[in-house]
Amino acid sequence: MPRIVRCSLIQAANVASASLPLEEVKKAMVDKHLDYLRQAAEAGSQLACLQEIFYGPYFCAEQETRWYDFTELVPDGPTIRLMQDVARRHHTAIVVPVYEKEQEGVFYNTAAVIGSDGAYLGKYRKTHIPHVAPGFWEKFYFRPGNLGYPTFDLGFARIGVYICYDRHFPEGARALGLNGAEIVFNPSATVAGLSEHLWKLEQPAHAVANGYFIAAINRVGMEAPWNIGEFYGSSYFCDPRGQIVAQASRDKDEVLTADLDLDKIAEVRKTWQFFRDRRPDSYEALVKA
């Protein structure tokens with residue numbers, strides 16, 4: 001029997017003004033995504049992934065401490081508890097990117113993984129934190145991740161998570177493959193003119209180099225008052241051969257759903273023995289300061 005996994009990616013524009021109270025901003029985006037998660041479940045998805053810090057705008061375009069109030073504990077915060085209920089109700093696993101507060105003054109850009117039974121399976125913390133002016137002041141908000149590159153067994157697939165800027169680094173993408181990931185999700189917030197030309201280059205290359213599926217997500221639209229650029233959507237699924245098998249629009253909210261044949265992983269790896277032919281003994285220079 002083929003191992004077919006039906007997955008959904010949700011790309012969406014921010015719907016609430018950043019000048020509103022943060023509780024209103026968050027509620028508007030959570031409510032919007034609850035409807036999209038329902039649509040994914042009705043389409044038969046076993047697994048859905050939301051975009052980077054899905055419950056608001058890309059606030060890292062400014063340096064304002066009020067956005068620290070967006071943080072919550074993982075897994076004990078309200079958003080994760082809500083998504084556990086949603087996963088349980090829809091029988092759909094969910095990757096939930098949030099702004100995590102570990103303790104006072106210690107924050108991470110995090111994605112929690114929730115099983116289709118609502119169980120919290122663990123989290124990934126964004127490893128590579130950008131400071132790319134103008135508009136991407138993430139070093140002002142987040143510490144670099146410290147949990148390594150975990151993978152999560154959903155029963156029907158083992159997945160990994162790599163968040164936005166991480167995708168520019170092949171080392172973590174390789175580590176996820178070595179740790180058994182069959183699908184790697186990359187929830188992002190990235191704008192035209194900065195890295196759009198890399199969007200269809202780097203992640204298909206990771207898929208080929210490591211013999212797994214990539215699920216790449218990007219938000220859409222312009223976000224006032226910062227207007228740092230157009231978030232260009234174009235979320236996609238890519239197979240282990242580097243072929244994009246489904247892609248969303250550039251400028252519209254969308255629930256992109258695709259069937260991924262995980263048997264293709266073994267088929268590709270039997271041909272391209274990249275893991276077998278590695279030479280880690282020759283890579284010592286990579287970990288030198």
# chains A, B, ... in the order shown; residues from 1 in each chain; ligands from 1
>>> select_by_dssp(residues="range 226-281 of chain A", states="helix (DSSP H, G or I)", output="PDB file with N, CA, C and O atoms, in the first residue's frame")
ATOM      1  N   ASP A 263       6.457   6.987  -0.178  1.00  0.00           N
ATOM      2  CA  ASP A 263       7.264   5.906  -0.764  1.00  0.00           C
ATOM      3  C   ASP A 263       8.297   6.453  -1.742  1.00  0.00           C
ATOM      4  O   ASP A 263       9.316   5.797  -2.022  1.00  0.00           O
ATOM      5  N   LYS A 264       8.060   7.647  -2.243  1.00  0.00           N
ATOM      6  CA  LYS A 264       9.002   8.253  -3.189  1.00  0.00           C
ATOM      7  C   LYS A 264      10.342   8.542  -2.518  1.00  0.00           C
ATOM      8  O   LYS A 264      11.390   8.607  -3.187  1.00  0.00           O
ATOM      9  N   ILE A 265      10.342   8.712  -1.201  1.00  0.00           N
ATOM     10  CA  ILE A 265      11.585   8.990  -0.480  1.00  0.00           C
ATOM     11  C   ILE A 265      12.568   7.839  -0.655  1.00  0.00           C
ATOM     12  O   ILE A 265      13.729   8.028  -1.048  1.00  0.00           O
ATOM     13  N   ALA A 266      12.116   6.610  -0.367  1.00  0.00           N
ATOM     14  CA  ALA A 266      12.994   5.442  -0.516  1.00  0.00           C
ATOM     15  C   ALA A 266      13.408   5.252  -1.962  1.00  0.00           C
ATOM     16  O   ALA A 266      14.562   4.889  -2.256  1.00  0.00           O
ATOM     17  N   GLU A 267      12.492   5.500  -2.869  1.00  0.00           N
ATOM     18  CA  GLU A 267      12.788   5.356  -4.301  1.00  0.00           C
ATOM     19  C   GLU A 267      13.921   6.284  -4.719  1.00  0.00           C
ATOM     20  O   GLU A 267      14.866   5.875  -5.414  1.00  0.00           O
ATOM     21  N   VAL A 268      13.855   7.539  -4.268  1.00  0.00           N
ATOM     22  CA  VAL A 268      14.885   8.516  -4.631  1.00  0.00           C
ATOM     23  C   VAL A 268      16.207   8.186  -3.941  1.00  0.00           C
ATOM     24  O   VAL A 268      17.287   8.246  -4.552  1.00  0.00           O
ATOM     25  N   ARG A 269      16.144   7.815  -2.666  1.00  0.00           N
ATOM     26  CA  ARG A 269      17.378   7.550  -1.920  1.00  0.00           C
ATOM     27  C   ARG A 269      18.101   6.301  -2.410  1.00  0.00           C
ATOM     28  O   ARG A 269      19.322   6.177  -2.218  1.00  0.00           O
ATOM     29  N   LYS A 270      17.383   5.379  -3.020  1.00  0.00           N
ATOM     30  CA  LYS A 270      18.053   4.208  -3.587  1.00  0.00           C
ATOM     31  C   LYS A 270      18.879   4.581  -4.811  1.00  0.00           C
ATOM     32  O   LYS A 270      19.838   3.885  -5.169  1.00  0.00           O
ATOM     33  N   THR A 271      18.484   5.665  -5.466  1.00  0.00           N
ATOM     34  CA  THR A 271      19.229   6.135  -6.636  1.00  0.00           C
ATOM     35  C   THR A 271      20.354   7.082  -6.237  1.00  0.00           C
ATOM     36  O   THR A 271      21.500   6.913  -6.638  1.00  0.00           O
ATOM     37  N   PRO A 280      31.576  13.072   6.775  1.00  0.00           N
ATOM     38  CA  PRO A 280      31.592  13.960   7.942  1.00  0.00           C
ATOM     39  C   PRO A 280      32.980  14.153   8.534  1.00  0.00           C
ATOM     40  O   PRO A 280      33.242  15.172   9.183  1.00  0.00           O
ATOM     41  N   ASP A 281      33.896  13.197   8.304  1.00  0.00           N
ATOM     42  CA  ASP A 281      35.262  13.357   8.803  1.00  0.00           C
ATOM     43  C   ASP A 281      35.976  14.542   8.164  1.00  0.00           C
ATOM     44  O   ASP A 281      36.961  15.058   8.708  1.00  0.00           O
TER      45      ASP A 281
END
>>> residues_around(residues="range 74-86 of chain A", least_positions_apart="4", cutoff="7 Å", atoms="only C-alpha atoms", output="PyMOL selection string")
chain A and resi 90+100+114+118-119
>>> write_last_selection(atoms="C-alpha atoms", output="PDB file, in the first residue's frame")
ATOM      1  CA  HIS A  90     -10.863  17.603  13.292  1.00  0.00           C
ATOM      2  CA  GLU A 100       7.192  31.771  22.836  1.00  0.00           C
ATOM      3  CA  ILE A 114       0.314  18.757  17.815  1.00  0.00           C
ATOM      4  CA  GLY A 118      -4.575  16.664  20.263  1.00  0.00           C
ATOM      5  CA  ALA A 119      -1.412  15.525  22.019  1.00  0.00           C
TER       6      ALA A 119
END
>>> residues_around(residues="range 283-288 of chain A", least_positions_apart="4", cutoff="12 Å", atoms="only C-alpha atoms", output="ChimeraX atom specification")
/A:169-171,278-279
>>> residues_around(residues="Phe142 in chain A", least_positions_apart="3", cutoff="7 Å", atoms="only C-alpha atoms", output="list in words")
Phe107, Tyr108, Asn109, Glu138 and Lys139 of chain A
>>> residues_around(residues="Val245 in chain A", least_positions_apart="5", cutoff="12 Å", atoms="only C-alpha atoms", output="number ranges by chain")
A: 204, 213-216, 235-240, 256-261
>>> write_last_selection(atoms="N, CA and C atoms", output="PDB file, in the first residue's frame")
ATOM      1  N   PRO A 204      13.855  23.460  -2.756  1.00  0.00           N
ATOM      2  CA  PRO A 204      13.957  22.274  -3.607  1.00  0.00           C
ATOM      3  C   PRO A 204      15.352  21.644  -3.558  1.00  0.00           C
ATOM      4  N   PHE A 213      10.411  15.490   1.464  1.00  0.00           N
ATOM      5  CA  PHE A 213       9.477  16.491   0.971  1.00  0.00           C
ATOM      6  C   PHE A 213       9.670  17.799   1.739  1.00  0.00           C
ATOM      7  N   ILE A 214       9.464  18.903   1.039  1.00  0.00           N
ATOM      8  CA  ILE A 214       9.471  20.242   1.630  1.00  0.00           C
ATOM      9  C   ILE A 214       8.068  20.818   1.526  1.00  0.00           C
ATOM     10  N   ALA A 215       7.620  21.463   2.611  1.00  0.00           N
ATOM     11  CA  ALA A 215       6.356  22.200   2.611  1.00  0.00           C
ATOM     12  C   ALA A 215       6.676  23.635   3.017  1.00  0.00           C
ATOM     13  N   ALA A 216       6.704  24.536   2.036  1.00  0.00           N
ATOM     14  CA  ALA A 216       7.155  25.912   2.242  1.00  0.00           C
ATOM     15  C   ALA A 216       5.948  26.859   2.276  1.00  0.00           C
ATOM     16  N   SER A 235       3.190  29.672  -1.536  1.00  0.00           N
ATOM     17  CA  SER A 235       3.459  28.472  -0.749  1.00  0.00           C
ATOM     18  C   SER A 235       3.453  27.246  -1.665  1.00  0.00           C
ATOM     19  N   TYR A 236       4.257  26.240  -1.322  1.00  0.00           N
ATOM     20  CA  TYR A 236       4.308  25.073  -2.205  1.00  0.00           C
ATOM     21  C   TYR A 236       4.744  23.815  -1.472  1.00  0.00           C
ATOM     22  N   PHE A 237       4.471  22.690  -2.118  1.00  0.00           N
ATOM     23  CA  PHE A 237       5.008  21.392  -1.738  1.00  0.00           C
ATOM     24  C   PHE A 237       6.014  20.981  -2.799  1.00  0.00           C
ATOM     25  N   CYS A 238       7.136  20.416  -2.334  1.00  0.00           N
ATOM     26  CA  CYS A 238       8.199  19.973  -3.240  1.00  0.00           C
ATOM     27  C   CYS A 238       8.559  18.531  -2.907  1.00  0.00           C
ATOM     28  N   ASP A 239       8.749  17.703  -3.919  1.00  0.00           N
ATOM     29  CA  ASP A 239       9.044  16.293  -3.671  1.00  0.00           C
ATOM     30  C   ASP A 239      10.556  16.053  -3.572  1.00  0.00           C
ATOM     31  N   PRO A 240      10.983  14.828  -3.240  1.00  0.00           N
ATOM     32  CA  PRO A 240      12.419  14.557  -3.064  1.00  0.00           C
ATOM     33  C   PRO A 240      13.247  14.678  -4.334  1.00  0.00           C
ATOM     34  N   LEU A 256      -3.718  25.381   0.671  1.00  0.00           N
ATOM     35  CA  LEU A 256      -3.123  24.540  -0.367  1.00  0.00           C
ATOM     36  C   LEU A 256      -3.032  23.114   0.164  1.00  0.00           C
ATOM     37  N   THR A 257      -3.666  22.188  -0.535  1.00  0.00           N
ATOM     38  CA  THR A 257      -3.714  20.798  -0.094  1.00  0.00           C
ATOM     39  C   THR A 257      -3.137  19.889  -1.170  1.00  0.00           C
ATOM     40  N   ALA A 258      -2.324  18.938  -0.745  1.00  0.00           N
ATOM     41  CA  ALA A 258      -1.711  18.013  -1.703  1.00  0.00           C
ATOM     42  C   ALA A 258      -1.514  16.653  -1.057  1.00  0.00           C
ATOM     43  N   ASP A 259      -1.501  15.622  -1.894  1.00  0.00           N
ATOM     44  CA  ASP A 259      -1.194  14.262  -1.463  1.00  0.00           C
ATOM     45  C   ASP A 259       0.287  13.992  -1.707  1.00  0.00           C
ATOM     46  N   LEU A 260       1.000  13.611  -0.670  1.00  0.00           N
ATOM     47  CA  LEU A 260       2.429  13.330  -0.762  1.00  0.00           C
ATOM     48  C   LEU A 260       2.658  11.827  -0.625  1.00  0.00           C
ATOM     49  N   ASP A 261       3.310  11.249  -1.606  1.00  0.00           N
ATOM     50  CA  ASP A 261       3.596   9.819  -1.614  1.00  0.00           C
ATOM     51  C   ASP A 261       4.951   9.591  -0.951  1.00  0.00           C
TER      52      ASP A 261
END
>>> atom_distance(atom1="CA of Ala205 in chain A", atom2="CA of Ile183 in chain A")
14.0 Å
>>> atom_distance(atom1="CA of Tyr68 in chain A", atom2="CA of Glu104 in chain A")
10.0 Å
>>> residues_around(residues="range 43-55 of chain A", least_positions_apart="4", cutoff="6 Å", atoms="only C-alpha atoms", output="PyMOL selection string")
chain A and resi 6-10+26+29-30+92-98+187-188+217
>>> write_last_selection(atoms="C-alpha atoms", output="CSV table (one decimal), in the first residue's frame")
chain,number,residue,atom,x,y,z
A,6,ARG,CA,-2.6,14.5,2.6
A,7,CYS,CA,-1.2,17.8,3.9
A,8,SER,CA,-2.4,21.5,3.9
A,9,LEU,CA,-0.5,24.7,4.0
A,10,ILE,CA,-2.4,27.9,5.0
A,26,LYS,CA,-4.6,38.1,17.8
A,29,MET,CA,-6.2,36.2,13.0
A,30,VAL,CA,-6.9,33.2,15.2
A,92,THR,CA,-5.8,16.7,12.0
A,93,ALA,CA,-2.3,17.2,13.2
A,94,ILE,CA,-1.2,20.9,13.3
A,95,VAL,CA,2.1,22.7,13.2
A,96,VAL,CA,1.5,25.9,15.1
A,97,PRO,CA,4.1,28.7,14.9
A,98,VAL,CA,3.9,31.1,17.9
A,187,PRO,CA,6.6,28.6,7.8
A,188,SER,CA,7.9,32.0,6.7
A,217,ILE,CA,4.7,28.5,3.5
>>> closest_residue(among="A:Ala87, A:Ile228, A:Met1, A:Leu73", to="Leu37 in chain A", atoms="only C-alpha atoms")
A:Ala87
>>> select_by_dssp(residues="range 55-160 of chain A", states="strand (DSSP E)", output="PyMOL selection string")
chain A and resi 93-103+106-114+120-125+151-153+158-160
>>> closest_residue(among="A:Glu64, A:Asp117, A:Asp35, A:Glu196", to="Phe140 in chain A", atoms="only C-alpha atoms")
A:Glu64
